[in-house]
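entry_9.cif, holding mmCIF, C-alpha atoms:
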data_data
loop_
_atom_site.label_atom_id
_atom_site.label_comp_id
_atom_site.auth_asym_id
_atom_site.auth_seq_id
_atom_site.Cartn_x
_atom_site.Cartn_y
_atom_site.Cartn_z
CA MET A 1 -13.71 10.64 3.75
CA TYR A 2 -13.16 10.67 7.51
CA VAL A 3 -10.29 8.31 8.31
CA ILE A 4 -8.94 7.47 11.77
CA VAL A 5 -5.32 6.33 11.86
CA VAL A 6 -4.19 4.51 14.99
CA GLY A 7 -0.50 4.98 15.69
CA GLY A 8 1.52 8.08 14.90
CA GLY A 9 4.94 6.52 14.31
CA GLU A 10 6.76 6.69 10.98
CA VAL A 11 4.14 4.69 9.08
CA GLY A 12 1.22 6.58 10.61
CA HIS A 13 2.86 9.94 10.00
CA TYR A 14 3.62 9.25 6.36
CA LEU A 15 0.20 7.72 5.72
CA CYS A 16 -1.60 10.71 7.27
CA LYS A 17 0.34 13.12 5.16
CA GLN A 18 -0.73 11.32 2.01
CA LEU A 19 -4.35 11.04 3.12
CA LEU A 20 -4.40 14.78 3.85
CA ASP A 21 -2.85 15.53 0.46
CA GLU A 22 -5.69 13.59 -1.14
CA GLY A 23 -8.13 15.84 0.69
CA HIS A 24 -9.37 13.38 3.32
CA GLU A 25 -10.21 14.32 6.87
CA VAL A 26 -7.76 12.55 9.17
CA LEU A 27 -7.42 11.96 12.90
CA VAL A 28 -4.41 10.19 14.40
CA ILE A 29 -4.73 8.52 17.79
CA GLU A 30 -1.34 8.11 19.46
CA LYS A 31 -0.39 6.99 22.99
CA ASP A 32 2.93 8.76 23.13
CA ALA A 33 2.82 12.50 23.83
CA GLY A 34 6.15 13.13 22.08
CA LYS A 35 4.95 11.49 18.87
CA CYS A 36 1.72 13.51 19.05
CA GLU A 37 3.72 16.70 19.24
CA HIS A 38 5.83 15.64 16.27
CA ILE A 39 2.70 14.94 14.19
CA GLU A 40 1.12 18.26 15.12
CA GLU A 41 4.29 20.16 14.22
CA GLY A 42 4.39 18.55 10.81
CA LEU A 43 0.75 18.11 9.90
CA GLY A 44 -1.30 20.44 12.10
CA ASP A 45 -3.95 19.83 14.70
CA ILE A 46 -4.95 16.29 13.77
CA CYS A 47 -3.71 14.25 16.72
CA LEU A 48 -5.61 12.85 19.68
CA HIS A 49 -3.41 11.76 22.56
CA GLY A 50 -4.61 8.47 24.02
CA ASP A 51 -5.02 4.72 23.74
CA ALA A 52 -7.08 3.73 20.71
CA SER A 53 -7.99 0.42 22.32
CA GLU A 54 -10.09 2.39 24.78
CA ILE A 55 -13.69 2.83 23.83
CA ALA A 56 -13.86 6.28 25.42
CA ILE A 57 -10.94 7.55 23.33
CA LEU A 58 -12.39 6.22 20.10
CA ASP A 59 -15.69 7.85 21.00
CA LYS A 60 -13.95 11.14 21.65
CA GLY A 61 -12.29 10.83 18.24
CA GLY A 62 -15.71 10.74 16.59
CA ILE A 63 -15.46 7.12 15.51
CA THR A 64 -19.21 6.89 14.88
CA ARG A 65 -18.79 8.96 11.72
CA ALA A 66 -15.48 7.41 10.60
CA GLU A 67 -15.65 5.53 7.32
CA MET A 68 -12.30 3.86 7.80
CA VAL A 69 -9.97 2.92 10.64
CA ILE A 70 -6.36 2.04 9.86
CA ALA A 71 -4.28 0.65 12.74
CA VAL A 72 -0.54 0.89 12.09
CA THR A 73 1.15 0.70 15.49
CA GLY A 74 4.14 -1.58 16.00
CA GLU A 75 2.10 -3.80 18.34
CA ASP A 76 -0.16 -6.36 16.72
CA GLU A 77 -2.29 -6.75 19.86
CA ASP A 78 -3.05 -3.03 19.85
CA ASN A 79 -3.91 -3.04 16.15
CA LEU A 80 -6.21 -6.01 16.65
CA ALA A 81 -8.00 -4.43 19.61
CA ALA A 82 -8.53 -1.09 17.85
CA CYS A 83 -9.80 -2.76 14.66
CA GLN A 84 -12.11 -5.16 16.48
CA ILE A 85 -13.68 -2.41 18.56
CA ALA A 86 -14.05 -0.18 15.48
CA LYS A 87 -15.66 -2.97 13.49
CA GLU A 88 -17.81 -4.74 16.08
CA LYS A 89 -18.80 -1.95 18.42
CA PHE A 90 -18.91 1.07 16.13
CA SER A 91 -19.67 -0.68 12.81
CA VAL A 92 -16.95 1.20 10.95
CA PRO A 93 -17.36 0.05 7.31
CA ARG A 94 -13.68 -0.56 6.61
CA VAL A 95 -10.86 -1.54 8.98
CA ILE A 96 -7.27 -2.21 7.99
CA ALA A 97 -4.56 -3.52 10.32
CA ARG A 98 -0.81 -3.56 10.00
CA ILE A 99 0.72 -6.76 11.32
CA ASN A 100 4.32 -6.94 12.42
CA VAL A 101 4.45 -10.68 13.00
CA PRO A 102 3.60 -12.66 9.84
CA ARG A 103 2.00 -15.58 11.70
CA ASN A 104 -0.71 -13.20 12.90
CA GLU A 105 -2.33 -12.87 9.49
CA LYS A 106 -4.19 -16.15 9.99
CA ILE A 107 -5.16 -15.27 13.55
CA PHE A 108 -6.47 -11.84 12.57
CA ALA A 109 -8.57 -13.39 9.79
CA LYS A 110 -10.02 -15.91 12.23
CA LEU A 111 -10.89 -13.07 14.61
CA GLY A 112 -12.70 -11.12 11.90
CA ILE A 113 -9.98 -8.73 10.69
CA GLU A 114 -9.39 -9.84 7.11
CA CYS A 115 -7.63 -6.83 5.68
CA VAL A 116 -4.08 -6.83 6.99
CA VAL A 117 -0.81 -5.48 5.68
CA ASP A 118 2.17 -7.59 6.68
CA ALA A 119 5.13 -5.25 7.09
CA VAL A 120 7.82 -7.93 7.50
CA TYR A 121 6.60 -9.84 4.49
CA LEU A 122 6.44 -6.77 2.25
CA ILE A 123 9.91 -5.61 3.18
CA SER A 124 11.45 -9.04 2.66
CA GLU A 125 9.70 -9.47 -0.71
CA HIS A 126 11.05 -6.12 -1.87
CA ILE A 127 14.55 -6.97 -0.71
CA LYS A 128 14.27 -10.31 -2.51
CA ALA A 129 13.38 -8.47 -5.71
CA GLU A 130 16.42 -6.19 -5.37
CA THR A 131 18.84 -9.08 -4.79
CA MET A 132 17.74 -10.76 -8.05
CA LEU A 133 18.54 -14.06 -6.32
CA PHE A 134 14.98 -15.29 -6.30
CA PRO A 135 12.93 -16.27 -9.33
CA LEU A 136 9.67 -14.87 -8.01
CA THR A 137 8.62 -11.80 -6.02
CA ARG A 138 5.09 -11.24 -4.79
CA LEU A 139 4.16 -7.66 -5.57
CA PHE A 140 0.58 -7.47 -4.44
CA SER A 141 -2.22 -9.71 -3.17
CA ILE A 142 -5.78 -9.46 -4.42
CA ARG A 143 -7.09 -11.29 -1.39
CA ASP A 144 -10.78 -11.49 -2.14
CA LYS A 145 -10.01 -13.14 -5.50
CA GLY A 146 -7.23 -15.38 -4.17
CA LEU A 147 -4.76 -13.96 -6.68
CA GLU A 148 -1.21 -12.64 -6.47
CA VAL A 149 0.49 -10.17 -8.77
CA VAL A 150 4.07 -11.41 -9.09
CA LEU A 151 7.31 -10.50 -10.81
CA VAL A 152 9.11 -13.50 -12.29
CA ARG A 153 12.57 -13.70 -13.77
CA VAL A 154 13.14 -16.40 -16.42
CA GLY A 155 16.06 -18.37 -14.96
CA LYS A 156 19.02 -19.84 -16.86
CA ASN A 157 18.12 -23.26 -18.36
CA SER A 158 14.69 -23.09 -16.80
CA PRO A 159 11.91 -25.08 -18.50
CA ALA A 160 10.53 -21.82 -19.94
CA VAL A 161 13.66 -20.68 -21.86
CA GLY A 162 13.25 -20.69 -25.63
CA LYS A 163 9.62 -21.71 -25.50
CA PRO A 164 6.60 -19.80 -26.74
CA ILE A 165 4.21 -18.96 -23.94
CA GLY A 166 1.51 -21.13 -25.50
CA GLU A 167 3.62 -24.24 -24.89
CA LEU A 168 4.23 -23.65 -21.19
CA SER A 169 2.09 -25.68 -18.82
CA LEU A 170 1.01 -22.74 -16.68
CA PRO A 171 -1.24 -23.51 -13.73
CA LEU A 172 -4.94 -22.95 -14.36
CA GLY A 173 -6.00 -19.33 -13.91
CA SER A 174 -2.54 -17.82 -14.23
CA VAL A 175 -1.78 -15.12 -16.79
CA ILE A 176 1.46 -13.55 -18.02
CA SER A 177 0.38 -9.97 -18.56
CA SER A 178 3.62 -8.29 -19.49
CA VAL A 179 7.10 -9.32 -20.66
CA ILE A 180 10.08 -7.04 -20.06
CA SER A 181 13.17 -8.12 -21.97
CA HIS A 182 16.57 -6.58 -21.31
CA GLY A 183 17.02 -3.33 -23.23
CA GLU A 184 13.57 -3.49 -24.82
CA GLU A 185 10.20 -1.92 -24.19
CA SER A 186 7.78 -4.01 -22.20
CA GLN A 187 5.27 -5.88 -24.33
CA ILE A 188 1.96 -7.60 -23.88
CA PRO A 189 2.76 -11.18 -24.87
CA THR A 190 0.80 -13.49 -27.16
CA VAL A 191 0.85 -17.31 -27.12
CA ASP A 192 3.68 -17.08 -29.69
CA THR A 193 5.98 -14.85 -27.63
CA VAL A 194 9.20 -16.77 -27.00
CA LEU A 195 10.77 -16.28 -23.57
CA ARG A 196 14.46 -15.77 -23.05
CA GLU A 197 16.73 -16.11 -20.07
CA GLY A 198 16.61 -12.98 -17.92
CA ASP A 199 13.21 -11.82 -19.18
CA GLN A 200 11.07 -10.33 -16.44
CA LEU A 201 7.39 -11.18 -16.39
CA ILE A 202 4.53 -9.50 -14.60
CA CYS A 203 1.98 -12.22 -13.90
CA LEU A 204 -1.31 -12.86 -12.19
CA VAL A 205 -1.24 -16.20 -10.37
CA PRO A 206 -3.73 -17.97 -8.08
CA THR A 207 -2.22 -17.98 -4.57
CA GLU A 208 -2.31 -21.77 -4.25
CA SER A 209 -0.41 -22.24 -7.55
CA ILE A 210 2.56 -19.99 -6.75
CA SER A 211 5.13 -22.75 -6.22
CA LEU A 212 3.95 -24.67 -9.29
CA PHE A 213 4.23 -21.46 -11.32
CA GLN A 214 7.66 -20.64 -9.92
CA ALA A 215 9.05 -24.06 -10.88
CA ILE A 216 8.54 -23.31 -14.59
CA PHE A 217 10.94 -20.36 -14.42
CA ARG A 218 13.48 -21.59 -11.87
CA GLU A 219 17.11 -21.81 -12.95
CA SER A 220 18.33 -25.36 -13.32
CA MET B 1 -0.61 -16.51 30.80
CA GLY B 2 1.30 -13.89 32.77
CA CYS B 3 3.26 -14.92 35.83
CA GLY B 4 3.00 -11.73 37.83
CA ARG B 5 1.63 -11.67 41.37
CA ILE B 6 -1.87 -12.62 40.30
CA GLY B 7 -0.88 -15.24 37.77
CA ALA B 8 1.60 -16.89 40.10
CA GLU B 9 -0.79 -16.88 43.06
CA LEU B 10 -3.63 -18.35 40.99
CA ALA B 11 -1.33 -21.02 39.55
CA HIS B 12 -0.15 -21.89 43.05
CA LEU B 13 -3.70 -22.22 44.44
CA LEU B 14 -4.90 -24.35 41.52
CA ASP B 15 -1.80 -26.53 41.73
CA ALA B 16 -2.28 -27.01 45.47
CA GLU B 17 -5.81 -28.20 44.79
CA GLY B 18 -4.51 -30.87 42.48
CA HIS B 19 -5.15 -29.31 39.07
CA LYS B 20 -2.64 -29.65 36.29
CA VAL B 21 -1.31 -26.12 35.74
CA THR B 22 1.00 -24.54 33.14
CA VAL B 23 2.15 -20.93 33.49
CA ILE B 24 3.33 -19.07 30.38
CA ASP B 25 5.35 -15.85 30.50
CA VAL B 26 7.80 -14.07 28.21
CA ASP B 27 10.11 -13.23 31.12
CA SER B 28 11.90 -16.13 32.81
CA ALA B 29 12.55 -13.99 35.91
CA SER B 30 8.79 -13.82 36.47
CA PHE B 31 8.79 -17.49 37.44
CA ASP B 32 10.54 -16.46 40.69
CA GLU B 33 7.06 -15.46 41.84
CA LEU B 34 6.08 -19.14 41.96
CA PRO B 35 6.50 -20.91 45.31
CA PRO B 36 9.33 -23.47 45.55
CA ASP B 37 6.86 -26.34 45.92
CA PHE B 38 4.91 -25.43 42.74
CA GLY B 39 4.23 -28.74 40.99
CA GLY B 40 3.03 -27.38 37.64
CA MET B 41 4.95 -26.43 34.54
CA ALA B 42 6.52 -23.03 33.81
CA PHE B 43 6.69 -22.33 30.08
CA LEU B 44 8.81 -19.53 28.64
CA GLY B 45 7.23 -17.97 25.55
CA ASP B 46 4.72 -15.64 23.96
CA ALA B 47 1.16 -16.81 24.55
CA THR B 48 -0.13 -14.98 21.48
CA ASP B 49 1.95 -17.44 19.40
CA GLU B 50 -0.10 -20.44 18.31
CA GLU B 51 2.97 -22.66 18.15
CA VAL B 52 4.01 -21.80 21.70
CA LEU B 53 0.49 -22.51 22.91
CA THR B 54 0.41 -25.87 21.16
CA LYS B 55 3.73 -26.82 22.77
CA ALA B 56 2.42 -25.71 26.14
CA GLY B 57 -0.44 -28.19 25.72
CA MET B 58 -3.25 -25.79 24.90
CA GLU B 59 -5.13 -28.45 22.92
CA GLN B 60 -5.79 -30.38 26.12
CA ALA B 61 -6.62 -27.35 28.27
CA ASP B 62 -10.00 -27.12 30.03
CA ALA B 63 -9.44 -23.48 30.92
CA PHE B 64 -7.20 -20.56 29.95
CA VAL B 65 -6.62 -17.41 32.00
CA ALA B 66 -4.86 -14.31 30.64
CA VAL B 67 -3.60 -11.96 33.34
CA THR B 68 -0.67 -9.98 31.96
CA ARG B 69 -0.82 -6.27 32.70
CA ASP B 70 -1.57 -5.51 29.04
CA ASP B 71 -5.29 -5.53 28.16
CA GLU B 72 -4.69 -5.93 24.44
CA ARG B 73 -2.36 -8.91 24.87
CA ASN B 74 -4.81 -10.55 27.25
CA ALA B 75 -7.65 -10.02 24.80
CA MET B 76 -5.71 -11.39 21.86
CA ALA B 77 -4.41 -14.47 23.68
CA ALA B 78 -7.85 -15.18 25.12
CA GLN B 79 -9.45 -15.00 21.68
CA ILE B 80 -6.82 -17.35 20.26
CA ALA B 81 -7.63 -19.78 23.10
CA LYS B 82 -11.34 -19.52 22.43
CA GLN B 83 -11.49 -19.36 18.62
CA ILE B 84 -8.49 -21.41 17.55
CA PHE B 85 -8.06 -23.93 20.38
CA ASP B 86 -11.71 -24.19 21.42
CA VAL B 87 -10.80 -24.04 25.10
CA PRO B 88 -14.08 -24.43 27.02
CA ARG B 89 -13.47 -21.67 29.58
CA VAL B 90 -11.47 -18.57 28.82
CA LEU B 91 -11.00 -15.76 31.33
CA CYS B 92 -9.06 -12.56 30.87
CA ARG B 93 -8.27 -9.45 32.82
CA ILE B 94 -9.30 -6.22 31.12
CA TYR B 95 -8.59 -3.13 33.21
CA ASP B 96 -10.78 -0.85 31.09
CA PRO B 97 -14.36 -1.36 32.39
CA LEU B 98 -15.93 -0.28 29.09
CA ARG B 99 -14.04 -2.97 27.25
CA GLU B 100 -15.04 -5.64 29.75
CA ASP B 101 -18.52 -5.64 28.19
CA PHE B 102 -17.16 -5.54 24.65
CA TYR B 103 -15.01 -8.64 25.07
CA GLY B 104 -17.84 -10.32 26.96
CA GLY B 105 -19.84 -9.92 23.76
CA LEU B 106 -17.09 -11.75 21.86
CA GLY B 107 -17.55 -14.81 24.08
CA LEU B 108 -14.76 -14.19 26.58
CA GLU B 109 -15.22 -14.02 30.34
CA ALA B 110 -13.59 -10.64 30.77
CA ILE B 111 -13.09 -9.26 34.26
CA SER B 112 -12.26 -5.66 34.98
CA PRO B 113 -10.34 -5.37 38.26
CA THR B 114 -11.13 -1.66 38.16
CA ARG B 115 -14.84 -2.30 38.26
CA VAL B 116 -14.58 -5.09 40.85
CA PHE B 117 -12.44 -3.01 43.17
CA VAL B 118 -14.59 0.09 42.82
CA ARG B 119 -17.68 -1.96 43.68
CA MET B 120 -15.90 -3.41 46.69
CA LEU B 121 -14.75 -0.01 47.94
CA LYS B 122 -18.25 1.36 47.53
CA GLU B 123 -19.81 -1.53 49.44
CA ARG B 124 -17.30 -1.10 52.27
CA LEU B 125 -18.01 2.61 52.49
CA GLU B 126 -21.74 2.08 52.51
CA GLY B 127 -21.67 -0.95 54.79
#
What is this structure when it is put down as structure tokens?
Amino acid sequence: MYVIVVGGGEVGHYLCKQLLDEGHEVLVIEKDAGKCEHIEEGLGDICLHGDASEIAILDKGGITRAEMVIAVTGEDEDNLAACQIAKEKFSVPRVIARINVPRNEKIFAKLGIECVVDAVYLISEHIKAETMLFPLTRLFSIRDKGLEVVLVRVGKNSPAVGKPIGELSLPLGSVISSVISHGEESQIPTVDTVLREGDQLICLVPTESISLFQAIFRES
Amino acid sequence: MGCGRIGAELAHLLDAEGHKVTVIDVDSASFDELPPDFGGMAFLGDATDEEVLTKAGMEQADAFVAVTRDDERNAMAAQIAKQIFDVPRVLCRIYDPLREDFYGGLGLEAISPTRVFVRMLKERLEG
């Protein structure tokens, strides 16, 4: 697949390397000459020096045959502009934008860019998971289905401790798909599986029910 | 949005004609460009932030003009004004002439100073 990556910083560089390893054809468009040089040293002749918000540059990069444009610069405005032009002007089938300011997710969606990856949010969720201070970590969003894959820790004295899964009042549409107990193999639970303090659960939860779901496992 | 020479001058002219004007800029020093008798409001903040725009009174605005020196920021702020706040008239400066048409297609009144100035120079030379 021909993929255009906008932004040749750390994220762009790493992403391109992986796309190339998978056998895809990749072009990076990067404003900064120094970063271009760095990319070319590491990954070969795949960099176009220029501003990917400019129609002429995108044209030069062969955007008409690109199947995907991924904008991963540190500037949300630039990512928005590149994705909008790719989508609206050149009808690129798939556009993905990195956002650096979480509030922009809603704005991007309103302006027609639905597929965004929120860097700040992802990093903070992963840190939250490592601290073990939070009962719930969002691992992944399945946006088009309105679902979240989450990791939940069964908190001390939480309403879920000592109860079989069948007796928990889980929000409609949520599923506990795996239970990982300390020192044991992970298991696919049944309605009779009894949860213990400290168990970790991989669950599928509708986005709007996250806080309801979390309350069942929160330490009290 | 954008209190550089153009933004400040436009704000001044509109204010002098009796319009209610608010200037937004991320740099407080930029407000020095405004004349001492400017009667409008100077608002420090990022005009691509919905919350800042709400505080600055965007919901009541009849027009929004984005004239920072960054095309992408202008385009994003202008689209927020148009799509989220339903501001009736939204103008933005887009240096890149090719993109002037693109953003025009998205419902913005985009103006490319490059194109305007080139046309002017050409007319002068020919006239």
Set the distance at 9 Å and use all atoms listed in the file: which residues neighbour Pro102 of chain A once local chain neighbours fewer than 4 positions away are removed? I'd like the list as an NGL selection string.
:A and (106 or 118-121)
Can you tell me, as a ChimeraX atom specification, what residues are no more than 12 Å from Val21 of chain B when counting all atoms listed in the file, ignoring any on the same chain fewer than 2 positions away?
/B:1,7-19,23-24,34,38-43,56-58,60-65
If the PyMOL selection byres ((chain B) within 7 of (chain A)) is run on the structure shown, which residues does it catch, given as a list of chain:residue names?
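Checked against the file, the PyMOL selection byres ((chain B) within 7 of (chain A)) matches B:Glu72, B:Arg73, B:Met76, B:Leu98, B:Arg99.
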For the structure shown, which residues end up in the PyMOL selection byres ((chain B and resi 46) around 8)? Put them as a list in words, please?
Ile24, Asp25, Val26, Leu44, Gly45, Ala47, Thr48, Asp49 and Val52 of chain B
How many Å separate atom CA of Asp199 of chain A from atom CA of Val152 of chain A?
8.2 Å
Applied to this file, what does the PyMOL selection byres ((chain A and resi 175-192) around 6) return in terms of residues, put as a PDB file with C-alpha atoms, in the coordinates of the input?
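Below you can see part_15.pdb, which holds the result:
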ATOM      1  CA  PRO A 164       6.600 -19.800 -26.740  1.00  0.00           C
ATOM      2  CA  ILE A 165       4.210 -18.960 -23.940  1.00  0.00           C
ATOM      3  CA  GLY A 166       1.510 -21.130 -25.500  1.00  0.00           C
ATOM      4  CA  SER A 174      -2.540 -17.820 -14.230  1.00  0.00           C
ATOM      5  CA  THR A 193       5.980 -14.850 -27.630  1.00  0.00           C
ATOM      6  CA  ASP A 199      13.210 -11.820 -19.180  1.00  0.00           C
ATOM      7  CA  GLN A 200      11.070 -10.330 -16.440  1.00  0.00           C
ATOM      8  CA  LEU A 201       7.390 -11.180 -16.390  1.00  0.00           C
ATOM      9  CA  ILE A 202       4.530  -9.500 -14.600  1.00  0.00           C
ATOM     10  CA  CYS A 203       1.980 -12.220 -13.900  1.00  0.00           C
ATOM     11  CA  LEU A 204      -1.310 -12.860 -12.190  1.00  0.00           C
TER      12      LEU A 204
END
Computed interatomic separation between atom CA of Val90 of chain B and atom CA of Ile57 of chain A (Å)
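These two atoms are separated by 26.7 Å.
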What does the distance from atom CA of Phe90 of chain A to atom CA of Gln79 of chain B come to in Å, to one decimal?
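Between atom CA of Phe90 of chain A and atom CA of Gln79 of chain B the gap is 19.5 Å.
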Box time for segment 116-125 of chain B: axis-aligned, enclosing all its listed atoms, 8 Å extra on each side; report centre and edge lengths in Å to one decimal, as AutoDock Vina command-line options.
--center_x -16.1 --center_y -1.2 --center_z 46.7 --size_x 23.4 --size_y 23.7 --size_z 27.6
Identify, on the basis of all atoms listed in the file, every residue whose closest approach to Arg65 of chain A does not exceed 9 Å; exclude the query and any residue fewer than 3 positions from it along the same chain; express the result as number ranges by chain.
A: 2, 62, 92
Leaving out Glu114 of chain A and any residue of its chain fewer than 5 positions from it, which residues lie within 10 Å of it when counting all atoms listed in the file, given as a list of chain:residue names?
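These residues fall inside the cut-off: A:Val95, A:Ile96, A:Ala97, A:Glu105, A:Lys106, A:Ile107, A:Phe108, A:Ala109, A:Arg143, A:Asp144.
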Show me, as a PyMOL selection string, the residues that have an atom within 10 Å of segment 6-15 of chain A when counting all atoms listed in the file, minus same-chain residues fewer than 2 positions from it.
chain A and resi 3-4+17-21+26-32+34-40+42-43+47-53+58+69-75+78-79+82-83+97-98
From the set A:Ile127, A:Leu122, A:Met132, A:Val205, which residue has the shortest atom-to-atom contact distance to Glu148 of chain A, counting all atoms listed in the file?
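Among A:Ile127, A:Leu122, A:Met132, A:Val205, it is A:Val205 that comes nearest to Glu148 of chain A.
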